[in-house]
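Trainee: File structure01.csv below, CSV, C-alpha atoms:
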```csv
chain,number,residue,atom,x,y,z
N,818,MET,CA,16.4,-12.0,9.8
N,819,SER,CA,14.1,-10.5,7.2
N,820,GLU,CA,11.4,-12.8,5.8
N,821,ILE,CA,11.7,-11.1,2.4
N,822,GLU,CA,15.0,-9.6,1.3
N,823,ILE,CA,15.3,-7.8,-2.0
N,824,ARG,CA,18.9,-7.1,-3.0
N,825,ASN,CA,19.8,-4.7,-5.7
N,826,LEU,CA,17.0,-5.9,-7.9
N,827,THR,CA,17.0,-4.8,-11.5
N,828,LYS,CA,14.5,-5.9,-14.2
N,829,LYS,CA,14.9,-4.9,-17.9
N,830,PHE,CA,12.5,-5.6,-20.8
N,831,GLU,CA,12.8,-5.0,-24.5
N,832,VAL,CA,9.8,-3.2,-26.0
N,833,LYS,CA,9.7,-2.9,-29.8
N,834,GLY,CA,13.5,-3.3,-29.9
N,835,ASN,CA,14.1,-0.6,-27.2
N,836,PRO,CA,15.4,-1.5,-23.7
N,837,VAL,CA,13.1,-0.5,-20.8
N,838,THR,CA,14.3,-0.6,-17.1
N,839,ALA,CA,11.2,-1.5,-15.0
N,840,LEU,CA,13.2,-1.8,-11.8
N,841,ASP,CA,16.5,-0.1,-11.1
N,842,HIS,CA,18.6,-1.5,-8.3
N,843,VAL,CA,15.8,-1.8,-5.7
N,844,SER,CA,16.8,-3.1,-2.2
N,845,LEU,CA,14.2,-3.8,0.5
N,846,ASN,CA,13.8,-5.8,3.8
N,847,ILE,CA,10.4,-6.9,4.8
N,848,GLU,CA,10.2,-8.4,8.3
N,849,LYS,CA,8.1,-11.4,9.3
N,850,GLY,CA,4.7,-10.4,10.4
N,851,ASP,CA,4.8,-7.0,8.7
N,852,ILE,CA,2.0,-5.4,6.7
N,853,TYR,CA,4.2,-3.7,4.2
N,854,GLY,CA,3.1,-1.2,1.5
N,855,ILE,CA,4.7,-0.6,-1.8
N,856,ILE,CA,3.3,2.4,-3.5
N,857,GLY,CA,3.8,4.4,-6.7
N,858,MET,CA,2.0,5.9,-9.6
N,859,SER,CA,1.0,3.8,-12.6
N,860,GLY,CA,4.0,2.6,-14.5
N,861,ALA,CA,6.3,3.0,-11.5
N,862,GLY,CA,7.3,-0.7,-11.5
N,863,LYS,CA,5.2,-1.9,-8.5
N,864,SER,CA,3.6,-4.9,-10.2
N,865,THR,CA,6.9,-6.0,-11.7
N,866,LEU,CA,8.4,-5.8,-8.2
N,867,VAL,CA,5.6,-7.9,-6.6
N,868,ARG,CA,5.9,-10.5,-9.4
N,869,SER,CA,9.6,-10.7,-8.8
N,870,ILE,CA,9.1,-11.5,-5.2
N,871,ASN,CA,7.7,-15.0,-6.1
N,872,TYR,CA,9.9,-15.2,-9.2
N,873,LEU,CA,7.0,-15.0,-11.7
N,874,GLU,CA,9.4,-12.4,-13.1
N,875,GLU,CA,13.0,-13.4,-13.1
N,876,PRO,CA,15.3,-10.5,-12.2
N,877,THR,CA,17.8,-9.3,-14.8
N,878,GLU,CA,20.2,-8.5,-11.8
N,879,GLY,CA,20.0,-8.9,-8.1
N,880,GLN,CA,18.5,-11.4,-5.6
N,881,ILE,CA,15.3,-12.3,-4.0
N,882,LEU,CA,15.7,-14.1,-0.7
N,883,ILE,CA,12.8,-15.7,1.2
N,884,ASP,CA,13.7,-16.8,4.7
N,885,GLY,CA,17.3,-16.5,3.7
N,886,VAL,CA,16.9,-18.7,0.6
N,887,ASP,CA,17.9,-17.2,-2.7
N,888,LEU,CA,15.1,-18.1,-5.2
N,889,ALA,CA,17.7,-18.2,-8.0
N,890,SER,CA,19.4,-21.1,-6.4
N,891,LEU,CA,16.3,-23.3,-6.4
N,892,LYS,CA,15.6,-26.1,-8.9
N,893,PRO,CA,12.2,-25.9,-10.7
N,894,ALA,CA,10.5,-28.3,-8.2
N,895,GLU,CA,11.9,-26.5,-5.2
N,896,LEU,CA,10.8,-23.1,-6.7
N,897,ARG,CA,7.2,-24.4,-7.2
N,898,LYS,CA,7.1,-25.5,-3.6
N,899,LYS,CA,8.4,-22.2,-2.4
N,900,ARG,CA,5.8,-20.4,-4.5
N,901,SER,CA,3.1,-22.5,-2.8
N,902,GLU,CA,4.1,-20.7,0.4
N,903,ILE,CA,3.4,-17.3,-1.2
N,904,GLY,CA,-0.2,-16.5,-1.8
N,905,MET,CA,-1.3,-13.8,-4.2
N,906,ILE,CA,-4.4,-11.8,-4.9
N,907,PHE,CA,-5.1,-9.4,-7.8
N,908,GLN,CA,-7.2,-6.4,-8.7
N,909,GLY,CA,-9.1,-8.6,-11.3
N,910,PHE,CA,-9.8,-11.4,-8.8
N,911,HIS,CA,-8.8,-14.2,-11.4
N,912,LEU,CA,-11.5,-16.6,-10.3
N,913,LEU,CA,-12.5,-19.6,-12.5
N,914,GLU,CA,-15.9,-18.6,-13.9
N,915,GLN,CA,-17.0,-22.2,-14.5
N,916,LYS,CA,-16.4,-23.3,-10.9
N,917,ASN,CA,-18.5,-22.3,-7.9
N,918,VAL,CA,-17.0,-20.6,-4.8
N,919,ILE,CA,-16.0,-23.7,-2.9
N,920,ASP,CA,-14.5,-25.3,-6.0
N,921,ASN,CA,-12.5,-22.2,-6.7
N,922,ILE,CA,-11.0,-22.4,-3.2
N,923,CYS,CA,-10.4,-26.1,-3.5
N,924,PHE,CA,-8.6,-25.7,-6.8
N,925,PRO,CA,-5.0,-25.0,-5.5
N,926,LEU,CA,-5.4,-27.8,-3.0
N,927,GLU,CA,-6.3,-30.2,-5.8
N,928,LEU,CA,-3.2,-29.1,-7.7
N,929,ALA,CA,-1.2,-29.8,-4.5
N,930,GLY,CA,-2.6,-33.4,-4.4
N,931,VAL,CA,-4.9,-32.9,-1.4
N,932,LYS,CA,-7.7,-35.4,-1.2
N,933,LYS,CA,-11.1,-34.0,-2.0
N,934,LYS,CA,-12.7,-34.5,1.4
N,935,ALA,CA,-9.8,-32.7,3.2
N,936,ALA,CA,-9.8,-30.0,0.5
N,937,ARG,CA,-13.5,-29.2,1.0
N,938,GLN,CA,-13.1,-29.2,4.7
N,939,LYS,CA,-10.2,-26.7,4.5
N,940,ALA,CA,-12.2,-24.6,2.0
N,941,GLY,CA,-15.2,-24.5,4.3
N,942,GLU,CA,-13.0,-23.2,7.1
N,943,LEU,CA,-11.6,-20.5,4.9
N,944,LEU,CA,-15.1,-19.5,3.7
N,945,LYS,CA,-16.0,-19.0,7.4
N,946,LEU,CA,-12.9,-16.9,7.8
N,947,VAL,CA,-13.9,-14.6,5.0
N,948,GLN,CA,-17.6,-14.6,6.0
N,949,LEU,CA,-19.0,-16.2,2.9
N,950,GLU,CA,-20.3,-19.6,4.1
N,951,GLU,CA,-23.7,-19.0,2.5
N,952,LYS,CA,-22.1,-18.5,-0.9
N,953,GLU,CA,-20.2,-21.7,-1.3
N,954,LYS,CA,-22.4,-22.9,-4.2
N,955,ALA,CA,-22.6,-19.5,-5.9
N,956,TYR,CA,-20.6,-18.8,-9.1
N,957,PRO,CA,-18.4,-15.7,-9.6
N,958,SER,CA,-21.0,-14.1,-11.9
N,959,GLN,CA,-23.4,-14.1,-8.9
N,960,LEU,CA,-21.0,-12.3,-6.6
N,961,SER,CA,-20.3,-8.6,-5.9
N,962,GLY,CA,-16.7,-7.3,-6.3
N,963,GLY,CA,-16.1,-7.4,-2.6
N,964,GLN,CA,-17.4,-11.0,-2.4
N,965,LYS,CA,-15.2,-12.0,-5.3
N,966,GLN,CA,-12.1,-10.6,-3.6
N,967,ARG,CA,-13.0,-12.5,-0.4
N,968,VAL,CA,-13.1,-15.7,-2.4
N,969,ALA,CA,-9.8,-14.8,-4.0
N,970,ILE,CA,-8.3,-14.2,-0.5
N,971,ALA,CA,-9.7,-17.6,0.8
N,972,ARG,CA,-8.2,-19.3,-2.3
N,973,ALA,CA,-4.8,-17.6,-1.7
N,974,LEU,CA,-4.8,-18.9,1.9
N,975,ALA,CA,-5.7,-22.5,1.0
N,976,THR,CA,-2.1,-23.7,0.9
N,977,ASN,CA,-1.2,-22.1,4.2
N,978,PRO,CA,1.2,-19.5,2.9
N,979,GLY,CA,3.5,-17.5,5.1
N,980,ILE,CA,3.4,-14.5,2.8
N,981,LEU,CA,0.4,-12.9,1.0
N,982,LEU,CA,1.1,-10.6,-1.9
N,983,CYS,CA,-1.8,-8.1,-2.8
N,984,ASP,CA,-1.4,-6.5,-6.2
N,985,GLU,CA,-3.8,-3.5,-6.3
N,986,ALA,CA,-6.3,-5.8,-4.5
N,987,THR,CA,-8.7,-3.0,-3.6
N,988,SER,CA,-8.4,-0.7,-6.6
N,989,ALA,CA,-11.6,-1.9,-8.3
N,990,LEU,CA,-13.7,-1.6,-5.1
N,991,ASP,CA,-15.7,1.2,-3.7
N,992,PRO,CA,-14.5,2.9,-0.4
N,993,GLN,CA,-16.9,0.9,1.9
N,994,THR,CA,-15.9,-2.4,0.4
N,995,THR,CA,-12.2,-1.4,0.4
N,996,GLU,CA,-12.5,-0.8,4.1
N,997,SER,CA,-14.0,-4.2,4.8
N,998,ILE,CA,-11.3,-6.0,2.7
N,999,LEU,CA,-8.6,-4.1,4.6
N,1000,GLN,CA,-10.1,-5.1,7.9
N,1001,LEU,CA,-10.1,-8.7,6.7
N,1002,LEU,CA,-6.4,-8.5,5.7
N,1003,GLN,CA,-5.6,-7.0,9.1
N,1004,GLN,CA,-7.4,-9.8,10.9
N,1005,ILE,CA,-5.5,-12.4,8.8
N,1006,ASN,CA,-2.2,-10.7,9.6
N,1007,GLN,CA,-3.0,-10.7,13.4
N,1008,THR,CA,-4.6,-14.1,13.8
N,1009,MET,CA,-2.6,-16.2,11.2
N,1010,HIS,CA,0.7,-14.2,11.5
N,1011,ILE,CA,1.0,-14.0,7.7
N,1012,THR,CA,3.3,-11.3,6.3
N,1013,ILE,CA,1.3,-9.1,3.9
N,1014,VAL,CA,2.8,-7.1,1.1
N,1015,ILE,CA,0.3,-4.5,-0.4
N,1016,ILE,CA,1.0,-3.1,-3.9
N,1017,THR,CA,-1.1,0.0,-4.5
N,1018,HIS,CA,-1.2,3.6,-5.8
N,1019,GLN,CA,-3.6,4.7,-3.0
N,1020,MET,CA,-1.9,6.3,-0.1
N,1021,SER,CA,-5.1,6.0,1.9
N,1022,VAL,CA,-4.8,2.2,1.8
N,1023,VAL,CA,-1.2,2.4,3.0
N,1024,ASN,CA,-2.2,4.8,5.8
N,1025,ARG,CA,-5.0,2.6,6.9
N,1026,ILE,CA,-3.3,-0.8,7.2
N,1027,CYS,CA,0.5,-0.8,6.6
N,1028,LYS,CA,3.2,-0.5,9.2
N,1029,LYS,CA,6.0,0.4,6.8
N,1030,VAL,CA,6.0,1.6,3.2
N,1031,ALA,CA,8.4,1.8,0.2
N,1032,ILE,CA,7.8,4.4,-2.5
N,1033,ILE,CA,8.7,3.5,-6.1
N,1034,ASP,CA,9.2,6.1,-8.7
N,1035,SER,CA,10.2,5.3,-12.3
N,1036,GLY,CA,11.5,1.9,-11.2
N,1037,ARG,CA,13.6,3.3,-8.4
N,1038,LEU,CA,13.1,3.1,-4.6
N,1039,VAL,CA,13.0,6.8,-3.6
N,1040,GLU,CA,11.9,6.6,0.1
N,1041,SER,CA,11.0,3.9,2.7
N,1042,GLY,CA,10.3,3.7,6.4
N,1043,PRO,CA,7.5,3.7,9.0
N,1044,VAL,CA,4.2,4.9,7.5
N,1045,GLU,CA,3.6,7.5,10.2
N,1046,LYS,CA,7.1,9.0,9.7
N,1047,ILE,CA,6.7,9.4,6.0
N,1048,PHE,CA,3.1,10.7,6.3
N,1049,ALA,CA,4.3,13.4,8.7
N,1050,ASP,CA,7.5,14.3,6.9
N,1051,PRO,CA,7.9,13.1,3.3
N,1052,GLN,CA,11.3,13.8,1.9
N,1053,THR,CA,10.8,13.3,-1.9
N,1054,ASP,CA,8.6,14.8,-4.5
N,1055,ALA,CA,7.1,11.4,-5.3
N,1056,ALA,CA,6.1,10.9,-1.6
N,1057,LYS,CA,4.6,14.4,-1.4
N,1058,GLU,CA,2.6,13.8,-4.6
N,1059,LEU,CA,1.2,10.5,-3.4
N,1060,LEU,CA,0.3,11.9,0.0
N,1061,LEU,CA,-1.7,14.8,-1.5
N,1062,GLU,CA,-3.6,12.3,-3.8
N,1063,LYS,CA,-6.1,14.8,-5.2
N,1064,LYS,CA,-5.8,18.3,-6.7
N,1065,ILE,CA,-5.9,21.1,-4.1
N,1066,ARG,CA,-9.2,22.9,-4.3
N,1067,TYR,CA,-8.2,26.5,-3.8
N,1068,SER,CA,-10.2,29.0,-1.8
N,1069,PRO,CA,-12.0,31.7,-3.8
N,1070,VAL,CA,-10.1,34.3,-1.8
N,1071,THR,CA,-7.7,35.9,-4.2
N,1072,ALA,CA,-6.3,38.7,-2.1
N,1073,LEU,CA,-3.6,36.4,-0.6
N,1074,ASP,CA,-0.4,35.4,-2.3
N,1075,THR,CA,-0.4,31.6,-2.4
N,1076,ALA,CA,2.8,31.3,-4.4
N,1077,ARG,CA,4.2,29.5,-1.4
N,1078,LYS,CA,2.3,26.6,0.0
N,1079,VAL,CA,3.1,24.3,2.9
N,1080,ARG,CA,1.6,21.1,4.2
N,1081,ILE,CA,1.3,20.7,8.0
N,1082,VAL,CA,0.6,17.6,10.0
N,1083,PHE,CA,-0.7,17.8,13.5
N,1084,SER,CA,0.9,15.7,16.2
N,1085,GLU,CA,-1.1,14.3,19.1
N,1086,ASN,CA,0.1,17.2,21.3
N,1087,SER,CA,-0.8,19.9,18.8
N,1088,ALA,CA,-4.2,18.6,17.8
N,1089,TYR,CA,-6.0,20.3,20.6
N,1090,GLU,CA,-4.3,23.7,20.2
N,1091,PRO,CA,-5.7,26.5,18.0
N,1092,VAL,CA,-2.4,26.6,16.1
N,1093,ILE,CA,-3.5,28.6,13.1
N,1094,ALA,CA,-5.5,31.2,15.1
N,1095,ASN,CA,-2.5,31.6,17.4
N,1096,LEU,CA,-0.2,32.0,14.4
N,1097,ILE,CA,-2.4,34.8,12.9
N,1098,LEU,CA,-2.6,36.6,16.2
N,1099,LYS,CA,1.1,36.3,16.9
N,1100,LEU,CA,2.3,37.6,13.5
N,1101,GLN,CA,-0.7,39.8,12.6
N,1102,ALA,CA,-0.8,38.3,9.1
N,1103,PRO,CA,-3.5,36.2,7.3
N,1104,VAL,CA,-3.1,32.6,6.3
N,1105,ASN,CA,-5.2,30.9,3.6
N,1106,ILE,CA,-6.3,27.4,4.4
N,1107,LEU,CA,-6.4,25.7,1.0
N,1108,LYS,CA,-7.2,22.2,2.2
N,1109,ALA,CA,-7.9,20.4,5.5
N,1110,ASP,CA,-8.3,16.7,6.1
N,1111,THR,CA,-8.2,14.0,8.7
N,1112,ARG,CA,-6.7,10.6,7.8
N,1113,ASN,CA,-6.5,7.2,9.5
N,1114,VAL,CA,-2.7,6.5,9.8
N,1115,GLY,CA,-2.0,3.2,11.5
N,1116,GLY,CA,-5.2,3.3,13.4
N,1117,LYS,CA,-4.8,6.9,14.6
N,1118,ALA,CA,-6.5,10.0,13.3
N,1119,ARG,CA,-3.9,12.5,11.9
N,1120,GLY,CA,-4.9,15.9,10.8
N,1121,GLU,CA,-3.3,17.7,7.9
N,1122,MET,CA,-3.7,21.1,6.2
N,1123,ILE,CA,-2.4,22.8,3.1
N,1124,LEU,CA,-1.7,26.5,3.9
N,1125,GLY,CA,-1.1,29.4,1.5
N,1126,LEU,CA,1.3,31.8,3.1
N,1127,PRO,CA,1.2,35.6,2.5
N,1128,GLU,CA,3.8,37.6,0.7
N,1129,GLY,CA,7.2,38.2,2.1
N,1130,LYS,CA,9.9,35.6,2.4
N,1131,GLN,CA,10.9,36.8,5.9
N,1132,LEU,CA,7.3,36.6,7.2
N,1133,GLN,CA,6.9,33.2,5.5
N,1134,GLU,CA,10.0,31.8,7.3
N,1135,ARG,CA,8.8,33.2,10.7
N,1136,MET,CA,5.4,31.4,10.1
N,1137,ILE,CA,7.1,28.1,9.3
N,1138,ASP,CA,9.4,28.4,12.3
N,1139,SER,CA,6.3,29.1,14.5
N,1140,LEU,CA,4.4,26.1,13.2
N,1141,LYS,CA,7.4,23.8,13.9
N,1142,GLU,CA,7.8,25.3,17.4
N,1143,ASN,CA,4.2,24.1,18.0
N,1144,GLY,CA,5.1,20.6,17.2
N,1145,LEU,CA,3.8,20.4,13.6
N,1146,ALA,CA,5.6,18.7,10.7
N,1147,VAL,CA,5.9,21.2,7.9
N,1148,THR,CA,6.8,20.4,4.3
N,1149,GLU,CA,6.8,22.5,1.1
N,1150,VAL,CA,4.2,22.0,-1.6
N,1151,LYS,CA,5.8,23.1,-4.8
N,1152,GLU,CA,3.2,22.2,-7.4
N,1153,ASP,CA,-0.6,22.1,-7.8
N,1154,VAL,CA,-0.8,18.3,-7.3
```
Let me see the structure of the file written as structure tokens.
Mentor:
Amino acid sequence: MSEIEIRNLTKKFEVKGNPVTALDHVSLNIEKGDIYGIIGMSGAGKSTLVRSINYLEEPTEGQILIDGVDLASLKPAELRKKRSEIGMIFQGFHLLEQKNVIDNICFPLELAGVKKKAARQKAGELLKLVQLEEKEKAYPSQLSGGQKQRVAIARALATNPGILLCDEATSALDPQTTESILQLLQQINQTMHITIVIITHQMSVVNRICKKVAIIDSGRLVESGPVEKIFADPQTDAAKELLLEKKIRYSPVTALDTARKVRIVFSENSAYEPVIANLILKLQAPVNILKADTRNVGGKARGEMILGLPEGKQLQERMIDSLKENGLAVTEVKEDV
């Protein structure tokens, strides 16, 4: 059974008298113990979706089930208890500035009625987990962004949640700090067996840590599945745009027709073969390498390239067929994304 089951979820708002559909019949299953990514561009509906999972946003239509329990069926006290089993961290950290680190972590425990001594003991254990024992008396203003997020993670874990929701939790951090936070989340998932849902617009975050991913575009679920499969062979324009992430930096070579562009992803078997050199020798035609990169996808290095193909539809098709025969995933790049 899925730990989180989202059934036909729709959320509508009214903005200045006009109806807005933030989520449009979204259905997802998130298994217990998963690190699940939900990705989309700004305004796609990601944050509305994550706030719906713990019923901070009540759906207009559809259901949210946690461990088979429909949250709409719960009384207010029961819903509060269920929410205590779902931790949440945010891009903006949301720490209490007037409280020091250990008191920030103790705060949800105090609200839950835990005695002060037990709360501080638990907070101390969590500070050790996030490697901030020496900062227990520091205030948020004295911490770096990464340290603030570690405190926020410790606070979210204070009530022993089974689920941790991360809403753009690394978006405000530099790459090195982002990597350390992702390593921490991975450790928490593996050692504490907590299901983690990561909301982000960064495909690099999904590639690095998530096992499965759902892509949201204009409030609709357009693609979902294992991260490695979608990385290698995206089916929708939204997925392709998110995978490319940055504008292609074109080669200064202008003699080649780059009206047709393809993205290729190297499999483990093809990674050691001179595929492009062999292609040029075989077909006696040049290929323009517009972009080349290596990414961490689920702990594995996966190479990708954007190629500009020469003129001639028949030649282009022969090149694409040859690339596929060599075990590469090939997808069209239609726009300068």
Trainee: Suppose you want the space between CA of Asp1054 (chain N) and CA of Ile1081 (chain N); what is it in Å?
Mentor: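 About the pair CA of Asp1054 (chain N) and CA of Ile1081 (chain N): they are 15.6 Å apart.
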Trainee: I'd like to know which of N:Gln1004, N:Ser1139, N:Ser864, N:Gln966 is closest to Thr1017 (chain N), using all atoms listed in the file.
Mentor: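 Of N:Gln1004, N:Ser1139, N:Ser864, N:Gln966, the one nearest Thr1017 (chain N), counting all atoms listed in the file, is N:Ser864.
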Trainee: Nearest residue to Pro1051 (chain N) out of N:His911, N:Lys898, N:Lys829, N:Arg1080, using only C-alpha atoms?
Mentor: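 Answer, going by the shortest atom-to-atom distance: N:Arg1080.
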Trainee: Pick out the closest residue to Glu902 (chain N) from this set: N:Ala973, N:Ile881, N:Val931, N:Leu943. Count only C-alpha atoms.
Mentor: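 Of N:Ala973, N:Ile881, N:Val931, N:Leu943, the one nearest Glu902 (chain N), counting only C-alpha atoms, is N:Ala973.
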Trainee: If you measure from CA of Asn1024 (chain N) to CA of Val1114 (chain N), what distance in Å do you get, rounded to one decimal?
Mentor: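 We find that CA of Asn1024 (chain N) and CA of Val1114 (chain N) lie 4.4 Å from each other.
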Trainee: Go through N:His1018, N:Arg900, N:Lys965, N:Lys1046 and flag the residue nearest Lys952 (chain N), using only C-alpha atoms for the distances.
Mentor: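 Going through N:His1018, N:Arg900, N:Lys965, N:Lys1046 one by one, the smallest distance to Lys952 (chain N) is for N:Lys965.
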Trainee: Restricting the calculation to only C-alpha atoms: of N:Ala839, N:Gly850, N:Lys945, N:Leu926, which residue gets closest to Gln1003 (chain N)?
Mentor: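 Smallest distance to Gln1003 (chain N) is found for N:Gly850.
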Trainee: Have a look at N:Lys932, N:Arg897, N:His1010, N:Arg972 and name the one nearest to Asp920 (chain N); count only C-alpha atoms.
Mentor: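 Nearest to Asp920 (chain N): N:Arg972.
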Trainee: How far is it from CA of Asp851 (chain N) to CA of Leu949 (chain N), in Å with one decimal?
Mentor: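 Taking CA of Asp851 (chain N) and CA of Leu949 (chain N), their separation equals 26.2 Å.
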Trainee: If I wrap all listed atoms of region 1136-1141 of chain N in a box with edges along x, y and z and add 4 Å on each side, what are its centre and edge lengths in Å to one decimal, as AutoDock Vina command-line options?
Mentor:
```
--center_x 6.9 --center_y 27.6 --center_z 11.9 --size_x 13.0 --size_y 15.6 --size_z 13.2
```
Trainee: At a cut-off of 10 Å, using all atoms listed in the file, what residues contact Ala929 (chain N)? Leave out same-chain residues fewer than 6 positions from it and give the result as a list in words.
Mentor: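 Result of the neighbour search: Lys898, Ser901, Cys923, Ala936 and Thr976 of chain N.
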Trainee: What's the 12 Å shell around Thr1053 (chain N), counting all atoms listed in the file, without same-chain residues fewer than 4 positions away, as an NGL selection string?
Mentor: :N and (1031-1034 or 1038-1041 or 1047-1048 or 1057-1060 or 1148-1151)
Trainee: Counting only C-alpha atoms, what are the residues of region 895-1014 of chain N within 12 Å of region 843-847 of chain N, and for each of them which pair of atoms is the nearest and at what distance in Å, to one decimal? Sort the table by chain and rising number, as CSV.
Mentor:
```
residue,atom,partner,partner_atom,distance
N:Ile980,CA,N:Ile847,CA,10.5
N:Thr1012,CA,N:Ile847,CA,8.5
N:Ile1013,CA,N:Ile847,CA,9.4
N:Val1014,CA,N:Ile847,CA,8.5
```
Trainee: Please reconstruct the missing atoms of region 874-889 of chain N (target: N, CA, C and O atoms) and return them as a PDB file, keeping the file's coordinate frame.
Mentor:
```
ATOM      1  N   GLU N 874       8.450 -13.122 -12.297  1.00  0.00           N
ATOM      2  CA  GLU N 874       9.400 -12.400 -13.100  1.00  0.00           C
ATOM      3  C   GLU N 874      10.775 -12.620 -12.643  1.00  0.00           C
ATOM      4  O   GLU N 874      11.071 -12.377 -11.472  1.00  0.00           O
ATOM      5  N   GLU N 875      11.632 -13.162 -13.501  1.00  0.00           N
ATOM      6  CA  GLU N 875      13.000 -13.400 -13.100  1.00  0.00           C
ATOM      7  C   GLU N 875      13.843 -12.175 -13.231  1.00  0.00           C
ATOM      8  O   GLU N 875      13.859 -11.550 -14.293  1.00  0.00           O
ATOM      9  N   PRO N 876      14.531 -11.766 -12.173  1.00  0.00           N
ATOM     10  CA  PRO N 876      15.300 -10.500 -12.200  1.00  0.00           C
ATOM     11  C   PRO N 876      16.418 -10.567 -13.288  1.00  0.00           C
ATOM     12  O   PRO N 876      16.987 -11.624 -13.565  1.00  0.00           O
ATOM     13  N   THR N 877      16.687  -9.403 -13.861  1.00  0.00           N
ATOM     14  CA  THR N 877      17.800  -9.300 -14.800  1.00  0.00           C
ATOM     15  C   THR N 877      19.118  -9.266 -13.932  1.00  0.00           C
ATOM     16  O   THR N 877      20.137  -9.859 -14.313  1.00  0.00           O
ATOM     17  N   GLU N 878      19.063  -8.574 -12.794  1.00  0.00           N
ATOM     18  CA  GLU N 878      20.200  -8.500 -11.800  1.00  0.00           C
ATOM     19  C   GLU N 878      19.581  -8.564 -10.436  1.00  0.00           C
ATOM     20  O   GLU N 878      18.415  -8.247 -10.233  1.00  0.00           O
ATOM     21  N   GLY N 879      20.416  -8.921  -9.451  1.00  0.00           N
ATOM     22  CA  GLY N 879      20.000  -8.900  -8.100  1.00  0.00           C
ATOM     23  C   GLY N 879      19.424 -10.180  -7.561  1.00  0.00           C
ATOM     24  O   GLY N 879      19.377 -11.179  -8.282  1.00  0.00           O
ATOM     25  N   GLN N 880      18.986 -10.162  -6.307  1.00  0.00           N
ATOM     26  CA  GLN N 880      18.500 -11.400  -5.600  1.00  0.00           C
ATOM     27  C   GLN N 880      17.217 -11.150  -4.901  1.00  0.00           C
ATOM     28  O   GLN N 880      16.943 -10.054  -4.405  1.00  0.00           O
ATOM     29  N   ILE N 881      16.431 -12.216  -4.820  1.00  0.00           N
ATOM     30  CA  ILE N 881      15.300 -12.300  -4.000  1.00  0.00           C
ATOM     31  C   ILE N 881      15.487 -13.421  -2.978  1.00  0.00           C
ATOM     32  O   ILE N 881      15.667 -14.574  -3.385  1.00  0.00           O
ATOM     33  N   LEU N 882      15.492 -13.113  -1.682  1.00  0.00           N
ATOM     34  CA  LEU N 882      15.700 -14.100  -0.700  1.00  0.00           C
ATOM     35  C   LEU N 882      14.410 -14.226   0.191  1.00  0.00           C
ATOM     36  O   LEU N 882      13.895 -13.202   0.663  1.00  0.00           O
ATOM     37  N   ILE N 883      13.900 -15.449   0.353  1.00  0.00           N
ATOM     38  CA  ILE N 883      12.800 -15.700   1.200  1.00  0.00           C
ATOM     39  C   ILE N 883      13.277 -16.586   2.361  1.00  0.00           C
ATOM     40  O   ILE N 883      13.784 -17.681   2.128  1.00  0.00           O
ATOM     41  N   ASP N 884      13.156 -16.076   3.587  1.00  0.00           N
ATOM     42  CA  ASP N 884      13.700 -16.800   4.700  1.00  0.00           C
ATOM     43  C   ASP N 884      15.171 -17.157   4.525  1.00  0.00           C
ATOM     44  O   ASP N 884      15.627 -18.246   4.899  1.00  0.00           O
ATOM     45  N   GLY N 885      15.906 -16.266   3.891  1.00  0.00           N
ATOM     46  CA  GLY N 885      17.300 -16.500   3.700  1.00  0.00           C
ATOM     47  C   GLY N 885      17.687 -17.334   2.488  1.00  0.00           C
ATOM     48  O   GLY N 885      18.868 -17.520   2.191  1.00  0.00           O
ATOM     49  N   VAL N 886      16.682 -17.839   1.772  1.00  0.00           N
ATOM     50  CA  VAL N 886      16.900 -18.700   0.600  1.00  0.00           C
ATOM     51  C   VAL N 886      16.843 -17.891  -0.663  1.00  0.00           C
ATOM     52  O   VAL N 886      15.814 -17.247  -0.935  1.00  0.00           O
ATOM     53  N   ASP N 887      17.907 -17.910  -1.455  1.00  0.00           N
ATOM     54  CA  ASP N 887      17.900 -17.200  -2.700  1.00  0.00           C
ATOM     55  C   ASP N 887      17.111 -18.006  -3.745  1.00  0.00           C
ATOM     56  O   ASP N 887      17.419 -19.163  -4.054  1.00  0.00           O
ATOM     57  N   LEU N 888      16.033 -17.381  -4.253  1.00  0.00           N
ATOM     58  CA  LEU N 888      15.100 -18.100  -5.200  1.00  0.00           C
ATOM     59  C   LEU N 888      15.866 -18.535  -6.441  1.00  0.00           C
ATOM     60  O   LEU N 888      15.487 -19.532  -7.060  1.00  0.00           O
ATOM     61  N   ALA N 889      16.916 -17.818  -6.833  1.00  0.00           N
ATOM     62  CA  ALA N 889      17.700 -18.200  -8.000  1.00  0.00           C
ATOM     63  C   ALA N 889      18.408 -19.502  -7.875  1.00  0.00           C
ATOM     64  O   ALA N 889      18.756 -20.145  -8.868  1.00  0.00           O
TER      65      ALA N 889
END
```
